[in-house]
$ cat run_13.cif   # mmCIF, C-alpha atoms and all ligand atoms
data_final
#
loop_
_atom_site.label_atom_id
_atom_site.label_comp_id
_atom_site.auth_asym_id
_atom_site.auth_seq_id
_atom_site.Cartn_x
_atom_site.Cartn_y
_atom_site.Cartn_z
CA MET A 1 -15.00 8.06 11.93
CA GLU A 2 -11.86 5.99 11.79
CA HIS A 3 -11.12 4.25 8.52
CA LEU A 4 -8.32 1.80 7.88
CA PHE A 5 -7.32 0.94 4.37
CA ALA A 6 -5.59 -1.72 2.32
CA VAL A 7 -4.61 -0.47 -1.10
CA ASP A 8 -3.77 -2.79 -3.96
CA ARG A 9 -0.40 -2.55 -5.60
CA SER A 10 -1.59 -0.65 -8.66
CA LEU A 11 -2.45 2.41 -6.60
CA GLY A 12 0.79 3.55 -4.99
CA SER A 13 0.20 7.30 -5.19
CA LEU A 14 -3.25 6.94 -3.71
CA ALA A 15 -1.84 4.87 -0.83
CA LYS A 16 0.77 7.52 -0.12
CA TRP A 17 -1.86 10.21 -0.14
CA LEU A 18 -4.18 8.35 2.23
CA ARG A 19 -1.22 8.33 4.63
CA VAL A 20 -0.70 12.05 4.06
CA LEU A 21 -4.32 12.50 5.15
CA GLY A 22 -3.52 10.51 8.28
CA PHE A 23 -5.20 7.19 7.50
CA ASP A 24 -3.68 3.89 8.50
CA THR A 25 -3.07 2.43 5.04
CA VAL A 26 -1.33 -0.83 4.24
CA TYR A 27 0.30 -0.94 0.85
CA ASP A 28 3.01 -3.17 -0.47
CA PRO A 29 3.77 -3.31 -4.19
CA ASN A 30 5.59 -6.63 -3.87
CA ILE A 31 2.92 -8.93 -2.50
CA SER A 32 0.68 -11.49 -4.12
CA THR A 33 -3.11 -11.55 -3.96
CA SER A 34 -3.11 -14.21 -1.25
CA GLN A 35 -0.68 -12.21 0.88
CA PHE A 36 -2.89 -9.22 0.28
CA ASP A 37 -5.73 -11.21 1.78
CA GLU A 38 -3.76 -11.50 5.02
CA LEU A 39 -2.96 -7.80 5.08
CA LEU A 40 -6.57 -6.94 4.57
CA GLU A 41 -7.77 -8.64 7.76
CA ASP A 42 -11.41 -7.90 8.48
CA HIS A 43 -11.43 -4.30 9.36
CA ARG A 44 -9.68 -2.65 6.46
CA VAL A 45 -11.48 -1.06 3.54
CA LEU A 46 -10.09 -2.53 0.35
CA ILE A 47 -9.18 -0.03 -2.33
CA THR A 48 -8.53 -1.43 -5.78
CA ARG A 49 -8.87 -0.72 -9.44
CA THR A 50 -8.27 -4.31 -10.47
CA ILE A 51 -11.39 -6.26 -11.40
CA LYS A 52 -9.76 -9.54 -10.37
CA ILE A 53 -9.13 -8.27 -6.86
CA GLN A 54 -12.51 -6.60 -6.71
CA LYS A 55 -14.06 -10.01 -7.42
CA ALA A 56 -11.77 -11.95 -5.11
CA PHE A 57 -12.91 -9.89 -2.13
CA GLU A 58 -16.58 -9.46 -2.92
CA SER A 59 -17.71 -9.81 0.69
CA HIS A 60 -15.35 -7.11 1.83
CA ASN A 61 -16.05 -3.42 2.33
CA ARG A 62 -14.32 -1.91 -0.68
CA VAL A 63 -13.97 1.03 -2.98
CA PHE A 64 -13.47 0.33 -6.66
CA ILE A 65 -11.41 3.08 -8.27
CA THR A 66 -12.27 3.98 -11.84
CA SER A 67 -10.19 7.11 -12.38
CA ASN A 68 -6.54 7.29 -13.42
CA PHE A 69 -6.07 10.67 -11.78
CA LEU A 70 -4.94 10.94 -8.18
CA LEU A 71 -7.25 13.77 -7.21
CA GLU A 72 -10.27 11.99 -8.65
CA GLN A 73 -9.21 8.77 -6.94
CA LEU A 74 -9.01 10.54 -3.60
CA LYS A 75 -12.42 12.07 -4.18
CA GLN A 76 -13.84 8.64 -4.97
CA VAL A 77 -12.63 7.28 -1.63
CA VAL A 78 -13.80 10.30 0.33
CA ASP A 79 -17.22 10.38 -1.33
CA HIS A 80 -17.77 6.64 -1.10
CA LEU A 81 -17.11 6.55 2.63
CA GLY A 82 -18.51 9.96 3.50
CA ILE A 83 -15.20 11.20 4.90
CA LYS A 84 -15.30 14.82 6.00
CA LEU A 85 -12.52 17.34 6.34
CA ALA A 86 -12.93 17.05 10.12
CA ASP A 87 -12.22 13.31 9.93
CA ILE A 88 -8.69 13.66 8.61
CA GLN A 89 -5.45 14.27 10.47
CA PRO A 90 -3.14 15.42 7.72
CA PHE A 91 0.62 15.05 8.14
CA SER A 92 0.35 12.87 11.24
CA ARG A 93 1.72 9.67 9.73
CA CYS A 94 4.97 8.60 8.11
CA ILE A 95 4.24 8.23 4.42
CA ARG A 96 6.93 5.57 4.11
CA CYS A 97 6.17 3.37 7.13
CA ASN A 98 2.49 4.10 7.79
CA LEU A 99 3.23 4.75 11.48
CA PRO A 100 2.09 7.80 13.43
CA ILE A 101 4.91 10.30 13.73
CA GLU A 102 5.85 11.63 17.14
CA GLU A 103 6.83 15.04 18.33
CA ILE A 104 10.53 15.43 18.94
CA ARG A 105 12.37 18.20 20.78
CA LYS A 106 14.01 20.79 18.61
CA LYS A 107 17.42 20.23 20.20
CA ASP A 108 17.24 16.54 19.34
CA VAL A 109 17.01 17.15 15.61
CA LEU A 110 20.08 19.38 15.47
CA GLY A 111 22.25 17.93 12.74
CA LEU A 112 19.43 15.72 11.45
CA VAL A 113 17.84 18.42 9.32
CA PRO A 114 19.46 21.09 7.16
CA ASP A 115 20.73 24.03 9.26
CA TYR A 116 18.38 26.57 7.70
CA ILE A 117 15.43 24.33 8.48
CA TRP A 118 16.54 23.99 12.10
CA GLU A 119 16.94 27.73 12.41
CA THR A 120 13.56 28.58 10.91
CA HIS A 121 11.32 25.90 12.48
CA ASP A 122 10.37 25.02 16.04
CA LEU A 123 8.12 22.00 15.67
CA PHE A 124 9.49 18.69 14.52
CA ASN A 125 8.14 15.17 14.35
CA ARG A 126 9.90 11.92 13.74
CA CYS A 127 9.00 8.45 12.59
CA HIS A 128 10.53 6.12 15.12
CA GLN A 129 10.86 3.34 12.57
CA CYS A 130 12.67 4.97 9.63
CA ARG A 131 13.87 7.96 11.72
CA ARG A 132 12.72 10.39 9.07
CA VAL A 133 12.20 13.87 10.52
CA TYR A 134 9.16 15.87 9.46
CA TRP A 135 8.64 19.59 9.89
CA SER A 136 5.90 21.92 8.71
CA GLY A 137 7.77 22.77 5.52
CA THR A 138 7.94 19.10 4.58
CA HIS A 139 4.39 19.58 3.43
CA THR A 140 4.26 22.07 0.66
CA GLU A 141 1.49 24.48 -0.13
CA ARG A 142 0.72 22.16 -2.98
CA SER A 143 -0.26 19.41 -0.54
CA LEU A 144 -2.56 21.77 1.30
CA LYS A 145 -4.09 22.83 -1.98
CA THR A 146 -4.69 19.20 -2.94
CA ILE A 147 -6.42 18.61 0.41
CA SER A 148 -8.74 21.55 -0.11
CA GLN A 149 -9.49 20.30 -3.62
CA ILE A 150 -10.39 16.84 -2.35
CA PHE A 151 -13.01 18.29 -0.05
CA ASN A 152 -14.24 21.00 -2.36
CA SER A 153 -17.14 18.99 -3.71
CA GLU A 154 -18.31 18.43 -0.15
CA LYS A 155 -18.36 22.16 0.54
CA ALA A 156 -20.28 22.77 -2.65
CA ASN A 157 -23.00 20.38 -1.51
CA SER A 158 -23.44 21.67 2.02
CA PRO A 159 -25.93 24.43 2.74
ZN ZN A 201 8.89 6.07 8.72
#
$ encode --input "run_13.cif" --output "structure tokens" --more "lines below"
Ligand SMILES: [Zn+2]
Amino acid sequence: MEHLFAVDRSLGSLAKWLRVLGFDTVYDPNISTSQFDELLEDHRVLITRTIKIQKAFESHNRVFITSNFLLEQLKQVVDHLGIKLADIQPFSRCIRCNLPIEEIRKKDVLGLVPDYIWETHDLFNRCHQCRRVYWSGTHTERSLKTISQIFNSEKANSP
């Protein structure tokens, strides 16, 4: 199932992580509540931990975050919406721009990444907006561990 999100400005790390998981997530720390309303449109799930915003968008599909810890926040979103490990496309989106990253030929990133990275990797992706180049090592083992932790509770509940 495809989920699109709008994350309020108090939850920057969570927004970044929803992008890491591959979800289209709008987040802008510099906007007002009324501008947020425009960003939200109709189809985005609102994610907030601010009671004022929670109340302002009562008719909207939303997840109210109660934890201060990133991992717990991610679990709250995943559990609330029934997101499964198979639903995510980790590392497919630019965490800065929220745009899908695109595969780029190895020869075209020569000089754009450190030499040792170019020599030891074959698959590269690039965000065509900010031009940031991503490669498999961009995502540390720690990220993969976090992903498995997010979905651990789901595994524990399945037969
Ligand atoms: Zn980008």
$ closest_residue --input "run_13.cif" --among "A:Arg44, A:Arg142, A:His80, A:Arg19" --to "ligand ZN 201 (chain A)" --atoms "all atoms listed in the file"
A:Arg19
$ closest_residue --input "run_13.cif" --among "A:Leu4, A:Leu123, A:Val77, A:Cys130" --to "Val26 in chain A" --atoms "only C-alpha atoms"
A:Leu4
$ closest_residue --input "run_13.cif" --among "A:Arg132, A:His121, A:Lys52, A:Lys75" --to "Ile101 in chain A" --atoms "all atoms listed in the file"
A:Arg132
$ residues_near_ligand --input "run_13.cif" --ligand "ligand ZN 201 (chain A)" --cutoff "12 Å" --atoms "all atoms listed in the file" --output "MDAnalysis selection string"
chainID A and resid 19 92:102 125:134
$ residues_around --input "run_13.cif" --residues "Lys107 in chain A" --least-positions-apart "5" --cutoff "12 Å" --atoms "only C-alpha atoms" --output "list in words"
Leu112, Val113, Trp118, Glu119, His121, Asp122, Leu123 and Phe124 of chain A
$ residues_near_point --input "run_13.cif" --point "(-2.7, 12.4, -5.0)" --cutoff "9 Å" --atoms "only C-alpha atoms" --output "PyMOL selection string"
chain A and resi 13-18+69-74+143+146
$ atom_distance --input "run_13.cif" --atom1 "CA of Ile51 in chain A" --atom2 "CA of Ile150 in chain A"
24.8 Å
